[in-house]
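Pasting my_file-v6.cif here (mmCIF, C-alpha atoms):
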data_protein
loop_
_atom_site.label_atom_id
_atom_site.label_comp_id
_atom_site.auth_asym_id
_atom_site.auth_seq_id
_atom_site.Cartn_x
_atom_site.Cartn_y
_atom_site.Cartn_z
CA MET A 287 -37.74 -106.49 -2.89
CA ALA A 288 -40.16 -109.24 -1.89
CA LEU A 289 -43.91 -108.60 -1.57
CA LEU A 290 -45.95 -109.81 1.39
CA THR A 291 -49.72 -109.54 0.95
CA LEU A 292 -51.89 -110.02 4.03
CA ILE A 293 -55.58 -110.74 3.38
CA ARG A 294 -58.28 -110.32 5.96
CA HIS A 295 -60.74 -113.19 5.86
CA GLY A 296 -64.17 -112.77 4.30
CA GLN A 297 -67.10 -111.97 6.56
CA ALA A 298 -67.48 -114.56 9.31
CA SER A 299 -70.67 -115.60 11.12
CA PHE A 300 -70.86 -112.91 13.81
CA LEU A 301 -73.43 -113.50 16.59
CA GLU A 302 -73.98 -117.05 15.32
CA PRO A 303 -73.23 -120.20 17.39
CA ASN A 304 -70.13 -120.84 15.25
CA TYR A 305 -68.44 -117.54 14.47
CA ASP A 306 -65.45 -119.16 12.82
CA LYS A 307 -66.95 -119.88 9.43
CA LEU A 308 -67.57 -117.70 6.41
CA SER A 309 -71.02 -116.30 5.87
CA GLU A 310 -72.56 -116.50 2.41
CA ARG A 311 -71.45 -112.90 1.93
CA GLY A 312 -67.95 -113.79 3.07
CA GLU A 313 -67.79 -116.51 0.45
CA ARG A 314 -68.81 -114.02 -2.25
CA GLN A 315 -66.21 -111.50 -1.06
CA SER A 316 -63.53 -114.18 -1.27
CA ARG A 317 -64.57 -115.21 -4.78
CA HIS A 318 -64.50 -111.58 -5.93
CA LEU A 319 -60.95 -111.29 -4.61
CA GLY A 320 -59.84 -114.36 -6.52
CA GLU A 321 -61.50 -113.16 -9.72
CA TYR A 322 -59.87 -109.74 -9.39
CA TRP A 323 -56.42 -111.24 -8.89
CA VAL A 324 -56.86 -113.58 -11.85
CA LYS A 325 -57.95 -110.63 -13.99
CA THR A 326 -54.97 -108.52 -12.91
CA ALA A 327 -52.50 -111.42 -13.30
CA ALA A 328 -51.48 -111.51 -9.64
CA ARG A 329 -49.18 -114.45 -8.94
CA PHE A 330 -47.89 -115.86 -5.66
CA ASP A 331 -44.94 -118.13 -4.91
CA GLN A 332 -46.03 -119.05 -1.39
CA ILE A 333 -49.39 -119.17 0.41
CA TYR A 334 -49.89 -119.11 4.18
CA TYR A 335 -53.03 -119.54 6.27
CA GLY A 336 -53.74 -118.63 9.84
CA PRO A 337 -55.21 -121.59 11.77
CA ALA A 338 -58.86 -120.46 11.82
CA CYS A 339 -61.56 -121.94 9.59
CA ARG A 340 -62.39 -118.48 8.24
CA HIS A 341 -58.75 -118.02 7.17
CA ARG A 342 -58.65 -121.36 5.41
CA GLY A 343 -62.10 -120.87 3.89
CA THR A 344 -61.12 -117.53 2.33
CA GLY A 345 -57.87 -118.86 0.91
CA ASP A 346 -59.46 -122.03 -0.40
CA ILE A 347 -62.08 -120.05 -2.34
CA VAL A 348 -59.42 -117.82 -3.89
CA GLY A 349 -57.40 -120.93 -4.75
CA ASP A 350 -60.44 -122.54 -6.38
CA VAL A 351 -60.87 -119.48 -8.62
CA TYR A 352 -57.23 -119.75 -9.71
CA ARG A 353 -57.52 -123.45 -10.49
CA GLU A 354 -60.78 -122.90 -12.38
CA ALA A 355 -58.88 -120.41 -14.55
CA GLY A 356 -56.14 -123.00 -15.17
CA LEU A 357 -53.62 -121.11 -13.03
CA GLU A 358 -51.21 -122.42 -10.42
CA TRP A 359 -52.02 -121.93 -6.75
CA PRO A 360 -49.25 -123.05 -4.36
CA ALA A 361 -50.05 -125.51 -1.59
CA PRO A 362 -50.84 -123.48 1.55
CA VAL A 363 -48.85 -123.71 4.77
CA THR A 364 -50.70 -123.12 8.06
CA LEU A 365 -48.91 -121.07 10.74
CA PRO A 366 -50.46 -120.91 14.22
CA GLU A 367 -48.64 -117.60 14.82
CA LEU A 368 -51.04 -115.96 12.34
CA ASP A 369 -54.14 -116.45 14.50
CA GLU A 370 -56.22 -113.49 15.69
CA TYR A 371 -55.85 -111.96 19.14
CA PRO A 372 -58.13 -113.61 21.74
CA GLY A 373 -60.98 -111.09 21.62
CA ILE A 374 -63.66 -113.61 22.56
CA GLY A 375 -61.53 -114.89 25.41
CA VAL A 376 -60.95 -111.35 26.65
CA MET A 377 -64.69 -110.68 26.70
CA ARG A 378 -65.66 -113.95 28.36
CA THR A 379 -62.95 -113.71 30.99
CA PHE A 380 -63.15 -110.06 32.01
CA LEU A 381 -66.68 -108.86 31.24
CA PRO A 382 -68.39 -110.33 34.35
CA GLY A 383 -65.99 -108.66 36.75
CA LEU A 384 -65.93 -105.36 34.87
CA MET A 385 -69.73 -105.17 34.99
CA GLU A 386 -69.47 -105.08 38.77
CA THR A 387 -66.89 -102.29 38.86
CA HIS A 388 -67.65 -100.12 35.79
CA GLU A 389 -71.08 -98.57 35.39
CA ASP A 390 -70.60 -97.76 31.70
CA ILE A 391 -69.68 -101.37 30.88
CA ARG A 392 -72.68 -102.63 32.85
CA ALA A 393 -74.94 -100.26 30.91
CA LEU A 394 -73.52 -101.31 27.53
CA GLU A 395 -73.94 -104.99 28.36
CA ALA A 396 -77.58 -104.41 29.32
CA GLU A 397 -78.16 -102.44 26.12
CA PHE A 398 -76.66 -105.28 24.09
CA ARG A 399 -78.90 -107.90 25.72
CA GLN A 400 -81.97 -105.76 25.12
CA ALA A 401 -81.19 -104.89 21.50
CA GLY A 402 -83.94 -106.17 19.26
CA GLU A 403 -82.44 -105.60 15.82
CA ARG A 404 -79.24 -107.31 14.72
CA ALA A 405 -77.73 -104.04 13.45
CA VAL A 406 -78.31 -102.41 16.84
CA ALA A 407 -76.84 -105.41 18.66
CA VAL A 408 -73.72 -105.33 16.48
CA ARG A 409 -73.22 -101.61 17.05
CA VAL A 410 -73.56 -101.92 20.83
CA TYR A 411 -71.35 -105.01 20.98
CA ASP A 412 -68.63 -103.16 19.08
CA LYS A 413 -68.67 -100.39 21.67
CA LEU A 414 -68.46 -102.91 24.48
CA PHE A 415 -65.73 -104.89 22.73
CA GLN A 416 -63.62 -101.82 22.04
CA ARG A 417 -64.00 -100.57 25.61
CA ILE A 418 -62.73 -103.81 27.11
CA THR A 419 -60.02 -104.66 24.59
CA ARG A 420 -58.54 -101.18 25.04
CA MET A 421 -58.10 -101.97 28.72
CA TRP A 422 -56.56 -105.33 27.81
CA ALA A 423 -54.10 -103.75 25.36
CA ASP A 424 -53.10 -101.26 28.07
CA GLN A 425 -52.32 -104.21 30.38
CA GLU A 426 -55.07 -103.23 32.82
CA LEU A 427 -56.54 -106.74 32.51
CA ASP A 428 -54.59 -109.93 33.06
CA ALA A 429 -55.42 -113.60 33.49
CA PRO A 430 -53.18 -116.65 33.00
CA GLU A 431 -55.65 -118.26 30.58
CA VAL A 432 -55.79 -115.23 28.26
CA GLU A 433 -52.95 -114.29 25.93
CA SER A 434 -51.65 -110.81 26.71
CA TRP A 435 -51.47 -108.03 24.14
CA LYS A 436 -47.65 -108.11 24.26
CA ASN A 437 -47.56 -111.87 23.75
CA PHE A 438 -49.96 -111.55 20.82
CA CYS A 439 -47.74 -108.96 19.12
CA ASP A 440 -44.64 -111.04 19.80
CA ARG A 441 -46.35 -114.12 18.35
CA VAL A 442 -47.26 -112.30 15.14
CA ALA A 443 -43.72 -110.93 14.85
CA ARG A 444 -42.34 -114.48 15.07
CA GLY A 445 -44.70 -115.66 12.36
CA ILE A 446 -43.86 -112.80 10.01
CA TRP A 447 -40.15 -113.33 10.59
CA ALA A 448 -40.51 -117.04 9.79
CA ILE A 449 -42.22 -116.13 6.50
CA ARG A 450 -39.52 -113.62 5.63
CA GLU A 451 -36.77 -116.15 6.29
CA ARG A 452 -38.37 -118.64 3.88
CA ALA A 453 -39.02 -116.09 1.13
CA ASP A 454 -37.01 -115.71 -2.07
CA LYS A 455 -35.37 -112.37 -2.82
CA ASN A 456 -38.20 -111.25 -5.11
CA GLY A 457 -40.85 -113.61 -3.80
CA ARG A 458 -44.59 -112.94 -3.80
CA ILE A 459 -46.33 -114.24 -0.70
CA ALA A 460 -50.01 -114.24 0.31
CA VAL A 461 -51.16 -114.66 3.90
CA PHE A 462 -54.82 -115.26 4.80
CA THR A 463 -55.44 -114.12 8.36
CA SER A 464 -57.37 -111.62 10.52
CA GLY A 465 -57.49 -107.88 11.10
CA GLY A 466 -55.52 -108.00 14.33
CA VAL A 467 -52.63 -109.83 12.69
CA ILE A 468 -52.61 -107.31 9.84
CA ALA A 469 -52.50 -104.43 12.33
CA ALA A 470 -49.75 -106.09 14.37
CA THR A 471 -47.74 -106.53 11.16
CA ALA A 472 -48.25 -102.85 10.31
CA ARG A 473 -46.96 -102.12 13.81
CA LEU A 474 -43.66 -103.78 12.82
CA ALA A 475 -43.34 -101.48 9.82
CA LEU A 476 -44.57 -98.26 11.46
CA ASP A 477 -43.57 -98.73 15.14
CA LEU A 478 -47.14 -98.13 16.29
CA ALA A 479 -48.15 -97.80 19.95
CA PRO A 480 -50.55 -100.45 21.36
CA GLN A 481 -53.72 -98.35 21.14
CA ARG A 482 -52.96 -97.23 17.56
CA THR A 483 -52.34 -100.84 16.59
CA LEU A 484 -55.59 -101.97 18.19
CA GLU A 485 -57.53 -99.21 16.45
CA LEU A 486 -56.01 -100.23 13.14
CA SER A 487 -57.22 -103.79 13.68
CA TRP A 488 -60.82 -102.56 13.50
CA THR A 489 -60.47 -100.80 10.14
CA SER A 490 -59.69 -103.60 7.67
CA ARG A 491 -62.57 -104.54 5.39
CA ASN A 492 -63.44 -108.20 5.05
CA ALA A 493 -61.50 -109.75 2.14
CA SER A 494 -59.33 -106.63 1.78
CA TYR A 495 -55.58 -106.95 1.33
CA THR A 496 -52.57 -105.05 2.66
CA ASP A 497 -49.13 -105.05 1.04
CA PHE A 498 -45.69 -104.94 2.62
CA LEU A 499 -42.32 -104.75 0.86
CA PHE A 500 -39.31 -106.34 2.49
CA SER A 501 -35.67 -107.29 2.16
CA PRO A 502 -33.31 -108.73 4.80
CA ASP A 503 -32.85 -105.29 6.39
CA ARG A 504 -36.10 -103.51 5.50
CA PHE A 505 -39.81 -104.00 6.17
CA SER A 506 -42.20 -101.34 4.85
CA LEU A 507 -45.95 -100.84 4.52
CA ALA A 508 -46.76 -100.31 0.83
CA SER A 509 -50.59 -100.11 0.94
CA PHE A 510 -53.37 -100.78 3.44
CA ASN A 511 -56.95 -102.10 3.26
CA ASN A 512 -57.15 -102.43 -0.54
CA HIS A 513 -60.55 -103.56 -1.83
CA PRO A 514 -60.93 -102.64 -5.53
CA HIS A 515 -62.67 -105.99 -6.07
CA LEU A 516 -65.56 -105.11 -3.74
CA LEU A 517 -67.58 -102.83 -6.01
CA ASP A 518 -70.97 -103.62 -4.48
CA GLU A 519 -71.53 -101.55 -1.32
CA GLU A 520 -73.25 -104.54 0.25
CA LEU A 521 -69.89 -106.34 0.22
CA LEU A 522 -68.08 -103.60 2.16
CA THR A 523 -68.21 -105.06 5.66
CA TYR A 524 -66.11 -104.91 8.81
CA ARG A 525 -67.79 -107.91 10.46
#

How would this structure read if it were set down as structure tokens?
Amino acid sequence: MALLTLIRHGQASFLEPNYDKLSERGERQSRHLGEYWVKTAARFDQIYYGPACRHRGTGDIVGDVYREAGLEWPAPVTLPELDEYPGIGVMRTFLPGLMETHEDIRALEAEFRQAGERAVAVRVYDKLFQRITRMWADQELDAPEVESWKNFCDRVARGIWAIRERADKNGRIAVFTSGGVIAATARLALDLAPQRTLELSWTSRNASYTDFLFSPDRFSLASFNNHPHLLDEELLTYR
């Protein structure tokens, strides 16, 4: 059986002008992952990145740790199919109209704007984000400029299939990507419904890893959201 390991990127820069870069904490999470894998003699034959800077940044830090230890780290291949679902696009496109028609969404948006502390703002934004993306996943929201939930899942499935086709029989493959891609890959193994898949996308810790075993006729979830390298509670983040 071949092993496919999907890694969620380290913490990005949420609520900053450029979200798509690792925070200082995200860099530390990524380094801890690399150090843990070096210590436990984890080896990979192929490395894949999603197209985002936070994907590449996480993988590059892990690769640096391997090279510093004198170990081989394969040249990464970037696959656009491994990008996250368009959460920001969903919010920007549909939030204005939903505020006019849904009192609860209007109230959450006002609460977010008025939040003084960052922790409060993050908590309120998460509620707002989950409320709207649930509607999007249920196909209640549609716009030509926004990728649909179905198209997102189909895209991820194509990317995972392309990786499987290129893998050796007992290959070890690492993929640096986002929580939504990990959940959509779990959907392939577990036949999850849209809402269950979406909920799963919110549960991966930053810099955690999830393992799948596969052969030509089998694709199975082996473990989910592993983070034995994140021993400091301060490093256990979802955003």

| query | Which value, in Å to one decimal, gives the distance between CA of Ser487 in chain A and CA of Thr419 in chain A? | reply |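 Rounded to one decimal, the two atoms are 11.3 Å apart.
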
| task | Between A:Glu519, A:Glu431, A:Glu313, A:Asp454, single out the one closest to Thr379 in chain A, counting all atoms listed in the file. | result |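 The shortest atom-to-atom distance to Thr379 in chain A comes from A:Glu431.
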
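Each of A:Ile449, A:His388, A:Thr291, A:Arg399 was checked against Pro502 in chain A using all atoms listed in the file; the smallest atom-to-atom distance is that of A:Ile449.
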
| message | Here's the selection I'm unsure about, the PyMOL selection byres ((chain A and resi 475-485) around 9); applied to the file above, which residues does it give, as a PyMOL selection string? | response | chain A and resi 416+419-420+423-424+435-436+466+469-474+486-489+498+504-507

| task | Could you expand the PyMOL selection byres ((chain A and resi 496) around 10) into the explicit residues it covers here, written as a list in words? | result |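 Expected selection for the PyMOL selection byres ((chain A and resi 496) around 10) here is Leu290, Thr291, Leu292, Ile293, Arg294, Ala460, Val461, Ile468, Ala469, Thr471, Ala472, Ser490, Ser494, Tyr495, Asp497, Phe498, Leu507, Ala508, Ser509, Phe510, Asn511, Asn512 and His513 of chain A.
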
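CA of Phe300 in chain A lies 15.1 Å from CA of Leu521 in chain A.
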